[in-house]
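Student: Could you have a look at this structure, given as structure tokens, before my questions?
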Amino acid sequence: MKWGVLHFPGSNDERDTIYALESVLGYHARLLWHGDRNLADCDAIVLPGGFSYGDYLRCGALARFSPVMEAVADFAKSGGPVLGICNGFQVLCEAGLLPGALVQNRGLKFRCVPATLTVENNTTAFTLGYEDGAQAVIPIKHGEGCYVADQSTLAEIQDHGQIVFRYTSNPNGSIDDIAGVCNREGNVVGLMPHPEHAVDPLTGVTDGQPLFRSVDQWKQAA
């Protein structure tokens, strides 16, 4: 399987993600430039963490207009697996590929800590490898990771099983303890924690591995 990892001006976790995919997990991965208009026949796409365009205006609001996002939208519409991590989650929300938005942490402080997540939906392209209700320790590092949605949107994503991860101890004030969501089809997932930093045994935790490995099962079942 070939993974594509997007690079926007200000991205800073694209190399970490490629290292996790290639050196630890054994996949092929390539960097995709934000100005490109195709995804180079990749089988799965990651929008990594960082500070795209310096987080000016709003987090992800400028990256959402990058030429490559048209190809990402088409890829997602065709059922292709798309993962947004931290800033990538923000970009997917700004692009309308995921519901809700991310705003400044309620405590107004940057948080960089291990976070324990509960898997609320293990039927998505990125959670098939987890048991339903399983817990995973995956680090966070963000200042604007508070997930928000109006009441109608919250009710809708609850009704359609689109809440993928919840924090067991809420670090940022996210509504309903939400750490990650998906689209209705389950092929587009966004989360604030960083699974690419939880795959290598040298870091002491590998709970992020099933998130990437799940795509193999998803592709086989397609």
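If you're wondering about the labels, chains in the structure tokens are A, B, ... by order shown, residues count from 1 in each chain, ligands from 1 in order shown.
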So that I can check the surroundings of region 116-127 of chain A, please list as a VMD selection string every protein, DNA and RNA residue that reaches within 8 Å of it, counting only C-alpha atoms and ignoring chain neighbours fewer than 5 positions away.
Tutor: chain A and resid 81 83 132 to 138 161 to 169 179 182 185 to 189 210 to 215 217 to 218
Student: Which neighbours of Gly26 (chain A) fall inside 12 Å, counting only C-alpha atoms, when residues of the same chain fewer than 3 positions from it are skipped, and could you give them as a list in words?
Tutor: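 Result of the neighbour search: Met1, Lys2, Trp3, Ile18, Tyr19, Ala20, Leu21, Glu22, Ser23, Ala29, Val199, Asp200, Gln209, Phe212 and Arg213 of chain A.
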Student: Write the residues you've just listed into a file as an mmCIF file, in the first residue's frame, and include C-alpha atoms for each of them.
Tutor:
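Ended up saving to out_17.cif:
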```
data_model
loop_
_atom_site.group_PDB
_atom_site.id
_atom_site.type_symbol
_atom_site.label_atom_id
_atom_site.label_comp_id
_atom_site.auth_asym_id
_atom_site.auth_seq_id
_atom_site.Cartn_x
_atom_site.Cartn_y
_atom_site.Cartn_z
ATOM 1 C CA MET A 1 0.000 0.000 0.000
ATOM 2 C CA LYS A 2 1.226 3.503 -0.832
ATOM 3 C CA TRP A 3 0.453 6.374 1.518
ATOM 4 C CA ILE A 18 6.480 9.233 6.864
ATOM 5 C CA TYR A 19 8.982 7.768 9.335
ATOM 6 C CA ALA A 20 6.179 6.018 11.213
ATOM 7 C CA LEU A 21 4.675 4.629 8.009
ATOM 8 C CA GLU A 22 7.910 3.519 6.338
ATOM 9 C CA SER A 23 10.525 2.827 9.000
ATOM 10 C CA ALA A 29 4.956 6.681 1.725
ATOM 11 C CA VAL A 199 3.863 3.522 16.861
ATOM 12 C CA ASP A 200 7.541 3.012 17.710
ATOM 13 C CA GLN A 209 -0.249 1.229 15.242
ATOM 14 C CA PHE A 212 -2.712 2.820 10.426
ATOM 15 C CA ARG A 213 -2.944 -0.964 10.101
#
```
Student: Excluding region 86-93 of chain A and any residue of its chain fewer than 3 positions from it, enumerate the residues within 8 Å of it, using only C-alpha atoms, and give them as a PyMOL selection string.
Tutor: chain A and resi 46-52+59-61+63-64+83+96-102+142+145+189-194
Student: Write out as a tab-separated table the residues of region 157-214 of chain A that have any atom within 12 Å of an atom of region 7-15 of chain A, one row each with the nearest atom pair and its distance in Å to one decimal, counting only C-alpha atoms, sorted by chain and then rising number.
Tutor:
```
residue	atom	partner	partner_atom	distance
A:His194	CA	A:Asp13	CA	9.2
A:Pro195	CA	A:Asp13	CA	11.1
A:Glu196	CA	A:Asp13	CA	8.6
A:His197	CA	A:Asp13	CA	9.5
```
Student: Write the selection just made, keeping N, CA and C atoms, as a tab-separated table (two decimals), in the first residue's frame?
Tutor:
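This went into part-v3.tsv:
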```tsv
chain	number	residue	atom	x	y	z
A	194	HIS	N	-1.91	12.48	18.23
A	194	HIS	CA	-0.94	12.17	17.19
A	194	HIS	C	-0.57	10.69	17.19
A	195	PRO	N	-1.25	9.86	16.41
A	195	PRO	CA	-0.93	8.43	16.39
A	195	PRO	C	0.44	8.13	15.81
A	196	GLU	N	0.98	9.03	14.97
A	196	GLU	CA	2.31	8.79	14.39
A	196	GLU	C	3.40	8.82	15.47
A	197	HIS	N	3.08	9.42	16.62
A	197	HIS	CA	4.03	9.44	17.74
A	197	HIS	C	3.77	8.29	18.72
```
Student: Which neighbours of Leu154 (chain A) fall inside 10 Å, counting only C-alpha atoms, when residues of the same chain fewer than 2 positions from it are skipped, and could you give them as a PyMOL selection string?
Tutor: chain A and resi 99-100+148-152+156-159+162-163+175-176
Student: Which residue gives the smallest distance to Ala40 (chain A) among A:Gly143, A:Gly79, A:Gly4, A:Gly204, with only C-alpha atoms counted?
Tutor: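 When distances to Ala40 (chain A) are compared using only C-alpha atoms, the smallest one comes from A:Gly4.
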Student: Give the strand (DSSP E) residues of chain A, as DSSP finds them on the backbone, and put them as a VMD selection string.
Tutor: chain A and resid 2 to 7 28 to 33 44 to 47 82 to 85 101 to 103 111 to 119 135 to 142 146 to 148 163 to 167 178 to 182 188 to 191
Student: Determine which residues of region 49-206 of chain A DSSP labels as helix (DSSP H, G or I) from the backbone of this structure, then write them out as an MDAnalysis selection string.
Tutor: chainID A and resid 52:55 63:65 68:77 87:94 151:159 175:177 195:197 201:203
Student: In terms of the shortest atom-to-atom distance over only C-alpha atoms, which of A:Thr153, A:Leu62, A:Val24, A:Phe75 is closest to Asp41 (chain A)?
Tutor: A:Phe75
Student: What does the distance from CA of Ser78 (chain A) to CA of Glu94 (chain A) come to in Å, to one decimal?
Tutor: 19.6 Å
Student: Env of Val72 (chain A): 9 Å cut, atoms = only C-alpha atoms, seq-sep filter 6 positions within chain, self excluded. Answer as a list of chain:residue names.
Tutor: A:Asn38, A:Leu39, A:Ile45, A:Gly80, A:Val82
Student: Emit the selected residues as an mmCIF file, in the first residue's frame, including C-alpha atoms.
Tutor:
```cif
data_model
loop_
_atom_site.group_PDB
_atom_site.id
_atom_site.type_symbol
_atom_site.label_atom_id
_atom_site.label_comp_id
_atom_site.auth_asym_id
_atom_site.auth_seq_id
_atom_site.Cartn_x
_atom_site.Cartn_y
_atom_site.Cartn_z
ATOM 1 C CA ASN A 38 -3.163 14.991 -7.978
ATOM 2 C CA LEU A 39 -2.420 12.397 -5.299
ATOM 3 C CA ILE A 45 -3.877 10.074 2.422
ATOM 4 C CA GLY A 80 -10.538 6.694 -0.404
ATOM 5 C CA VAL A 82 -8.257 10.091 4.438
#
```
